[in-house]
Amino acid sequence: MQHSRHLAFVFLKPPYGRSLAADGLDMLLATAAFDQKITAIFLGSGLFNLLPGQSHDINMKNQTKAFASLPLFDVANVLVDEREIQRYGLNVEQFLLPVTAVSLASVREHLHAADHVHSF
């Protein structure tokens with residue numbers, strides 16, 4: 001049996017303008033298929049990936065449904081920075097899936113606990 005690694009995926013970019021968030025989502029979903037422990041962390045404008053109705057670049061596929069499907073891929077640990085939620089005037093009920101609002105110190109702890117961290 002292969003040792004399961006703990007991987008953290010940090011989303012810093014919004015769902016439009018560049019393909020970074022979409023690329024990160026693709027990598028996260030591919031990794032989840034191999035039964036790895038995954039923590040998805042959304043910081044700054046990366047929070048907008050979790051909101052419904054986001055406009056997106058005409059040349060890019062809308063990723064809203066894919067982000068909403070994270071629980072189906074056993075990605076249950078979805079964290080958002082509580083300060084950023086307040087900064088943008090959001091609340092956790094607005095997001096596409098269940099999230100846990102945590103302090104920046106808690107985010108750091110999760111990042112330190114991960115075997116690998118990928119940022120997008």
# chains A, B, ... in the order shown; residues from 1 in each chain; ligands from 1

$ select_by_dssp --residues "range 1-107 of chain A" --states "helix (DSSP H, G or I)" --output "number ranges by chain"
A: 20-32, 44-50, 64-68, 70-73, 82-87, 92-94, 104-107

$ residues_around --residues "range 27-31 of chain A" --least-positions-apart "5" --cutoff "9 Å" --atoms "only C-alpha atoms" --output "list of chain:residue names"
A:Leu7, A:Ala8, A:Phe9, A:Ala22, A:Gln36, A:Ile38, A:Ala40, A:Ala66, A:Leu70, A:Phe73, A:Val75

$ closest_residue --among "A:Leu79, A:Leu90, A:Leu96, A:Leu25" --to "Pro52 in chain A" --atoms "only C-alpha atoms"
A:Leu96

$ select_by_dssp --residues "chain A" --states "strand (DSSP E)" --output "PyMOL selection string"
chain A and resi 6-11+37-42+77-81+100-102+116-119

$ write_last_selection --atoms "N, CA and C atoms" --output "compact mmCIF listing (two decimals), in the first residue's frame"
# COMPACT_ATOMS: atom_id res chain seq x y z
N HIS A 6 0.06 14.32 2.21
CA HIS A 6 -0.83 15.44 2.47
C HIS A 6 -0.38 16.59 1.58
N LEU A 7 -1.27 17.01 0.70
CA LEU A 7 -0.97 18.07 -0.25
C LEU A 7 -1.87 19.27 0.00
N ALA A 8 -1.29 20.45 -0.07
CA ALA A 8 -2.07 21.69 0.07
C ALA A 8 -2.07 22.41 -1.27
N PHE A 9 -3.24 22.82 -1.69
CA PHE A 9 -3.40 23.61 -2.91
C PHE A 9 -3.90 24.99 -2.49
N VAL A 10 -3.12 26.01 -2.79
CA VAL A 10 -3.46 27.37 -2.39
C VAL A 10 -3.88 28.15 -3.63
N PHE A 11 -5.10 28.67 -3.59
CA PHE A 11 -5.64 29.44 -4.71
C PHE A 11 -5.60 30.92 -4.33
N LYS A 37 -4.45 12.92 0.62
CA LYS A 37 -5.10 13.85 1.54
C LYS A 37 -4.85 15.25 1.02
N ILE A 38 -5.93 15.99 0.78
CA ILE A 38 -5.82 17.32 0.15
C ILE A 38 -6.49 18.37 1.02
N THR A 39 -5.79 19.49 1.16
CA THR A 39 -6.37 20.68 1.77
C THR A 39 -6.37 21.76 0.70
N ALA A 40 -7.53 22.32 0.43
CA ALA A 40 -7.66 23.42 -0.53
C ALA A 40 -7.81 24.71 0.28
N ILE A 41 -6.95 25.67 -0.01
CA ILE A 41 -6.93 26.93 0.73
C ILE A 41 -7.15 28.08 -0.24
N PHE A 42 -8.10 28.94 0.07
CA PHE A 42 -8.43 30.07 -0.80
C PHE A 42 -8.12 31.36 -0.07
N ASN A 77 -11.57 19.26 3.20
CA ASN A 77 -10.87 20.30 3.96
C ASN A 77 -10.65 21.51 3.05
N VAL A 78 -11.64 22.38 3.01
CA VAL A 78 -11.59 23.60 2.20
C VAL A 78 -11.56 24.78 3.17
N LEU A 79 -10.45 25.50 3.14
CA LEU A 79 -10.23 26.59 4.09
C LEU A 79 -10.23 27.94 3.39
N VAL A 80 -10.76 28.93 4.09
CA VAL A 80 -10.73 30.31 3.60
C VAL A 80 -10.25 31.19 4.75
N ASP A 81 -9.54 32.24 4.40
CA ASP A 81 -9.01 33.17 5.39
C ASP A 81 -10.17 34.05 5.88
N THR A 100 -14.41 26.15 5.69
CA THR A 100 -14.09 26.49 7.07
C THR A 100 -13.29 27.78 7.07
N ALA A 101 -13.82 28.80 7.74
CA ALA A 101 -13.11 30.08 7.86
C ALA A 101 -12.11 29.95 8.99
N VAL A 102 -10.85 30.24 8.70
CA VAL A 102 -9.78 30.09 9.69
C VAL A 102 -8.91 31.33 9.73
N HIS A 116 3.58 18.69 0.54
CA HIS A 116 3.83 19.53 -0.64
C HIS A 116 2.78 20.63 -0.69
N VAL A 117 3.19 21.81 -1.12
CA VAL A 117 2.28 22.95 -1.27
C VAL A 117 2.37 23.43 -2.71
N HIS A 118 1.21 23.58 -3.34
CA HIS A 118 1.13 24.10 -4.71
C HIS A 118 0.29 25.38 -4.68
N SER A 119 0.82 26.44 -5.28
CA SER A 119 0.11 27.73 -5.29
C SER A 119 -0.30 28.10 -6.70

$ closest_residue --among "A:Leu104, A:Ala33, A:Ala114, A:Phe120" --to "Arg5 in chain A" --atoms "only C-alpha atoms"
A:Ala114

$ residues_around --residues "Leu51 in chain A" --least-positions-apart "6" --cutoff "12 Å" --atoms "only C-alpha atoms" --output "JSON list (two decimals) with N, CA and C atoms, in the first residue's frame"
[["chain", "number", "residue", "atom", "x", "y", "z"],
["A", 14, "PRO", "N", -8.02, 35.01, -9.00],
["A", 14, "PRO", "CA", -9.44, 34.90, -9.31],
["A", 14, "PRO", "C", -9.67, 33.98, -10.51],
["A", 15, "PRO", "N", -10.93, 33.63, -10.75],
["A", 15, "PRO", "CA", -11.24, 32.68, -11.83],
["A", 15, "PRO", "C", -11.22, 33.29, -13.23],
["A", 42, "PHE", "N", -8.10, 28.94, 0.07],
["A", 42, "PHE", "CA", -8.43, 30.07, -0.80],
["A", 42, "PHE", "C", -8.12, 31.36, -0.07],
["A", 45, "SER", "N", -7.92, 37.23, -3.62],
["A", 45, "SER", "CA", -8.92, 37.16, -4.69],
["A", 45, "SER", "C", -9.19, 35.73, -5.14],
["A", 62, "ASN", "N", -15.86, 28.06, -17.77],
["A", 62, "ASN", "CA", -16.31, 28.42, -16.43],
["A", 62, "ASN", "C", -16.07, 27.23, -15.50],
["A", 63, "GLN", "N", -15.35, 27.44, -14.41],
["A", 63, "GLN", "CA", -14.95, 26.38, -13.48],
["A", 63, "GLN", "C", -15.87, 26.26, -12.27],
["A", 64, "THR", "N", -16.97, 27.00, -12.23],
["A", 64, "THR", "CA", -17.84, 27.03, -11.07],
["A", 64, "THR", "C", -18.30, 25.64, -10.65],
["A", 65, "LYS", "N", -18.79, 24.85, -11.58],
["A", 65, "LYS", "CA", -19.29, 23.51, -11.23],
["A", 65, "LYS", "C", -18.17, 22.60, -10.76],
["A", 66, "ALA", "N", -17.00, 22.74, -11.35],
["A", 66, "ALA", "CA", -15.87, 21.90, -10.94],
["A", 66, "ALA", "C", -15.45, 22.22, -9.51],
["A", 67, "PHE", "N", -15.39, 23.50, -9.15],
["A", 67, "PHE", "CA", -15.04, 23.85, -7.77],
["A", 67, "PHE", "C", -16.13, 23.34, -6.81],
["A", 68, "ALA", "N", -17.38, 23.44, -7.21],
["A", 68, "ALA", "CA", -18.48, 22.98, -6.36],
["A", 68, "ALA", "C", -18.42, 21.47, -6.14],
["A", 85, "ILE", "N", -12.53, 37.14, 4.03],
["A", 85, "ILE", "CA", -13.99, 37.11, 3.90],
["A", 85, "ILE", "C", -14.56, 38.45, 4.35],
["A", 88, "TYR", "N", -13.70, 41.41, 1.89],
["A", 88, "TYR", "CA", -14.52, 41.46, 0.67],
["A", 88, "TYR", "C", -16.01, 41.54, 0.97],
["A", 90, "LEU", "N", -17.97, 39.28, 2.44],
["A", 90, "LEU", "CA", -18.61, 38.00, 2.13],
["A", 90, "LEU", "C", -18.97, 37.26, 3.41],
["A", 91, "ASN", "N", -19.72, 36.17, 3.25],
["A", 91, "ASN", "CA", -19.94, 35.25, 4.36],
["A", 91, "ASN", "C", -19.89, 33.83, 3.80],
["A", 92, "VAL", "N", -19.63, 32.86, 4.67],
["A", 92, "VAL", "CA", -19.40, 31.49, 4.21],
["A", 92, "VAL", "C", -20.61, 30.86, 3.54],
["A", 93, "GLU", "N", -21.80, 31.34, 3.82],
["A", 93, "GLU", "CA", -23.01, 30.79, 3.19],
["A", 93, "GLU", "C", -23.08, 31.11, 1.69],
["A", 94, "GLN", "N", -22.32, 32.09, 1.24],
["A", 94, "GLN", "CA", -22.34, 32.47, -0.18],
["A", 94, "GLN", "C", -21.54, 31.51, -1.06],
["A", 95, "PHE", "N", -20.66, 30.72, -0.48],
["A", 95, "PHE", "CA", -19.76, 29.90, -1.27],
["A", 95, "PHE", "C", -20.47, 28.67, -1.85],
["A", 96, "LEU", "N", -19.89, 28.13, -2.90],
["A", 96, "LEU", "CA", -20.46, 27.01, -3.64],
["A", 96, "LEU", "C", -20.46, 25.70, -2.87],
["A", 97, "LEU", "N", -19.65, 25.61, -1.85],
["A", 97, "LEU", "CA", -19.49, 24.38, -1.09],
["A", 97, "LEU", "C", -19.17, 24.73, 0.36],
["A", 98, "PRO", "N", -19.29, 23.77, 1.24],
["A", 98, "PRO", "CA", -18.95, 24.05, 2.64],
["A", 98, "PRO", "C", -17.46, 24.39, 2.79],
["A", 99, "VAL", "N", -17.20, 25.45, 3.53],
["A", 99, "VAL", "CA", -15.82, 25.88, 3.79],
["A", 99, "VAL", "C", -15.66, 26.10, 5.28]]

$ atom_distance --atom1 "CA of His110 in chain A" --atom2 "CA of Leu43 in chain A"
13.2 Å

$ closest_residue --among "A:Asn49, A:Ser4, A:Gln86, A:Ser103" --to "Gly24 in chain A" --atoms "only C-alpha atoms"
A:Asn49

$ atom_distance --atom1 "CA of Arg83 in chain A" --atom2 "CA of Ala32 in chain A"
27.9 Å

$ decode --residues "range 84-107 of chain A" --atoms "N, CA, C and O atoms" --output "PDB file, in the first residue's frame"
ATOM      1  N   GLU A  84     -10.008  37.741   5.005  1.00  0.00           N
ATOM      2  CA  GLU A  84     -10.323  38.063   3.602  1.00  0.00           C
ATOM      3  C   GLU A  84     -11.825  38.034   3.354  1.00  0.00           C
ATOM      4  O   GLU A  84     -12.339  38.819   2.559  1.00  0.00           O
ATOM      5  N   ILE A  85     -12.526  37.143   4.030  1.00  0.00           N
ATOM      6  CA  ILE A  85     -13.988  37.110   3.903  1.00  0.00           C
ATOM      7  C   ILE A  85     -14.562  38.450   4.350  1.00  0.00           C
ATOM      8  O   ILE A  85     -15.410  39.035   3.677  1.00  0.00           O
ATOM      9  N   GLN A  86     -14.089  38.940   5.482  1.00  0.00           N
ATOM     10  CA  GLN A  86     -14.560  40.227   5.988  1.00  0.00           C
ATOM     11  C   GLN A  86     -14.135  41.360   5.059  1.00  0.00           C
ATOM     12  O   GLN A  86     -14.921  42.274   4.792  1.00  0.00           O
ATOM     13  N   ARG A  87     -12.909  41.299   4.582  1.00  0.00           N
ATOM     14  CA  ARG A  87     -12.386  42.355   3.702  1.00  0.00           C
ATOM     15  C   ARG A  87     -13.248  42.526   2.451  1.00  0.00           C
ATOM     16  O   ARG A  87     -13.516  43.639   2.015  1.00  0.00           O
ATOM     17  N   TYR A  88     -13.698  41.408   1.886  1.00  0.00           N
ATOM     18  CA  TYR A  88     -14.516  41.460   0.674  1.00  0.00           C
ATOM     19  C   TYR A  88     -16.007  41.544   0.971  1.00  0.00           C
ATOM     20  O   TYR A  88     -16.826  41.557   0.054  1.00  0.00           O
ATOM     21  N   GLY A  89     -16.390  41.582   2.240  1.00  0.00           N
ATOM     22  CA  GLY A  89     -17.801  41.690   2.612  1.00  0.00           C
ATOM     23  C   GLY A  89     -18.594  40.434   2.291  1.00  0.00           C
ATOM     24  O   GLY A  89     -19.770  40.512   1.938  1.00  0.00           O
ATOM     25  N   LEU A  90     -17.965  39.276   2.442  1.00  0.00           N
ATOM     26  CA  LEU A  90     -18.609  37.999   2.129  1.00  0.00           C
ATOM     27  C   LEU A  90     -18.972  37.263   3.408  1.00  0.00           C
ATOM     28  O   LEU A  90     -18.587  37.662   4.501  1.00  0.00           O
ATOM     29  N   ASN A  91     -19.715  36.170   3.254  1.00  0.00           N
ATOM     30  CA  ASN A  91     -19.939  35.245   4.357  1.00  0.00           C
ATOM     31  C   ASN A  91     -19.887  33.826   3.805  1.00  0.00           C
ATOM     32  O   ASN A  91     -20.068  33.613   2.605  1.00  0.00           O
ATOM     33  N   VAL A  92     -19.629  32.862   4.665  1.00  0.00           N
ATOM     34  CA  VAL A  92     -19.397  31.487   4.210  1.00  0.00           C
ATOM     35  C   VAL A  92     -20.614  30.859   3.537  1.00  0.00           C
ATOM     36  O   VAL A  92     -20.463  29.934   2.733  1.00  0.00           O
ATOM     37  N   GLU A  93     -21.803  31.339   3.819  1.00  0.00           N
ATOM     38  CA  GLU A  93     -23.014  30.794   3.193  1.00  0.00           C
ATOM     39  C   GLU A  93     -23.078  31.111   1.694  1.00  0.00           C
ATOM     40  O   GLU A  93     -23.817  30.474   0.961  1.00  0.00           O
ATOM     41  N   GLN A  94     -22.319  32.085   1.235  1.00  0.00           N
ATOM     42  CA  GLN A  94     -22.335  32.470  -0.175  1.00  0.00           C
ATOM     43  C   GLN A  94     -21.538  31.510  -1.060  1.00  0.00           C
ATOM     44  O   GLN A  94     -21.723  31.496  -2.266  1.00  0.00           O
ATOM     45  N   PHE A  95     -20.655  30.721  -0.482  1.00  0.00           N
ATOM     46  CA  PHE A  95     -19.764  29.895  -1.273  1.00  0.00           C
ATOM     47  C   PHE A  95     -20.469  28.672  -1.853  1.00  0.00           C
ATOM     48  O   PHE A  95     -21.491  28.228  -1.340  1.00  0.00           O
ATOM     49  N   LEU A  96     -19.895  28.129  -2.905  1.00  0.00           N
ATOM     50  CA  LEU A  96     -20.460  27.013  -3.644  1.00  0.00           C
ATOM     51  C   LEU A  96     -20.464  25.697  -2.873  1.00  0.00           C
ATOM     52  O   LEU A  96     -21.164  24.765  -3.241  1.00  0.00           O
ATOM     53  N   LEU A  97     -19.647  25.607  -1.848  1.00  0.00           N
ATOM     54  CA  LEU A  97     -19.495  24.382  -1.092  1.00  0.00           C
ATOM     55  C   LEU A  97     -19.172  24.730   0.356  1.00  0.00           C
ATOM     56  O   LEU A  97     -18.810  25.863   0.649  1.00  0.00           O
ATOM     57  N   PRO A  98     -19.285  23.771   1.239  1.00  0.00           N
ATOM     58  CA  PRO A  98     -18.950  24.051   2.641  1.00  0.00           C
ATOM     59  C   PRO A  98     -17.465  24.391   2.792  1.00  0.00           C
ATOM     60  O   PRO A  98     -16.603  23.710   2.229  1.00  0.00           O
ATOM     61  N   VAL A  99     -17.202  25.448   3.527  1.00  0.00           N
ATOM     62  CA  VAL A  99     -15.821  25.879   3.788  1.00  0.00           C
ATOM     63  C   VAL A  99     -15.663  26.104   5.279  1.00  0.00           C
ATOM     64  O   VAL A  99     -16.635  26.256   6.010  1.00  0.00           O
ATOM     65  N   THR A 100     -14.411  26.150   5.691  1.00  0.00           N
ATOM     66  CA  THR A 100     -14.089  26.486   7.075  1.00  0.00           C
ATOM     67  C   THR A 100     -13.290  27.776   7.070  1.00  0.00           C
ATOM     68  O   THR A 100     -12.238  27.849   6.432  1.00  0.00           O
ATOM     69  N   ALA A 101     -13.817  28.803   7.738  1.00  0.00           N
ATOM     70  CA  ALA A 101     -13.106  30.075   7.856  1.00  0.00           C
ATOM     71  C   ALA A 101     -12.111  29.946   8.994  1.00  0.00           C
ATOM     72  O   ALA A 101     -12.476  29.551  10.104  1.00  0.00           O
ATOM     73  N   VAL A 102     -10.852  30.241   8.701  1.00  0.00           N
ATOM     74  CA  VAL A 102      -9.783  30.088   9.691  1.00  0.00           C
ATOM     75  C   VAL A 102      -8.915  31.331   9.735  1.00  0.00           C
ATOM     76  O   VAL A 102      -8.916  32.146   8.809  1.00  0.00           O
ATOM     77  N   SER A 103      -8.146  31.439  10.805  1.00  0.00           N
ATOM     78  CA  SER A 103      -7.212  32.557  10.939  1.00  0.00           C
ATOM     79  C   SER A 103      -6.004  32.320  10.044  1.00  0.00           C
ATOM     80  O   SER A 103      -5.733  31.194   9.609  1.00  0.00           O
ATOM     81  N   LEU A 104      -5.250  33.368   9.818  1.00  0.00           N
ATOM     82  CA  LEU A 104      -4.032  33.255   9.031  1.00  0.00           C
ATOM     83  C   LEU A 104      -3.024  32.335   9.725  1.00  0.00           C
ATOM     84  O   LEU A 104      -2.302  31.579   9.066  1.00  0.00           O
ATOM     85  N   ALA A 105      -3.010  32.346  11.035  1.00  0.00           N
ATOM     86  CA  ALA A 105      -2.127  31.444  11.789  1.00  0.00           C
ATOM     87  C   ALA A 105      -2.494  29.982  11.520  1.00  0.00           C
ATOM     88  O   ALA A 105      -1.615  29.130  11.361  1.00  0.00           O
ATOM     89  N   SER A 106      -3.778  29.698  11.435  1.00  0.00           N
ATOM     90  CA  SER A 106      -4.227  28.339  11.133  1.00  0.00           C
ATOM     91  C   SER A 106      -3.845  27.941   9.704  1.00  0.00           C
ATOM     92  O   SER A 106      -3.463  26.797   9.460  1.00  0.00           O
ATOM     93  N   VAL A 107      -3.943  28.881   8.774  1.00  0.00           N
ATOM     94  CA  VAL A 107      -3.515  28.621   7.406  1.00  0.00           C
ATOM     95  C   VAL A 107      -2.041  28.219   7.407  1.00  0.00           C
ATOM     96  O   VAL A 107      -1.642  27.239   6.768  1.00  0.00           O
TER      97      VAL A 107
END
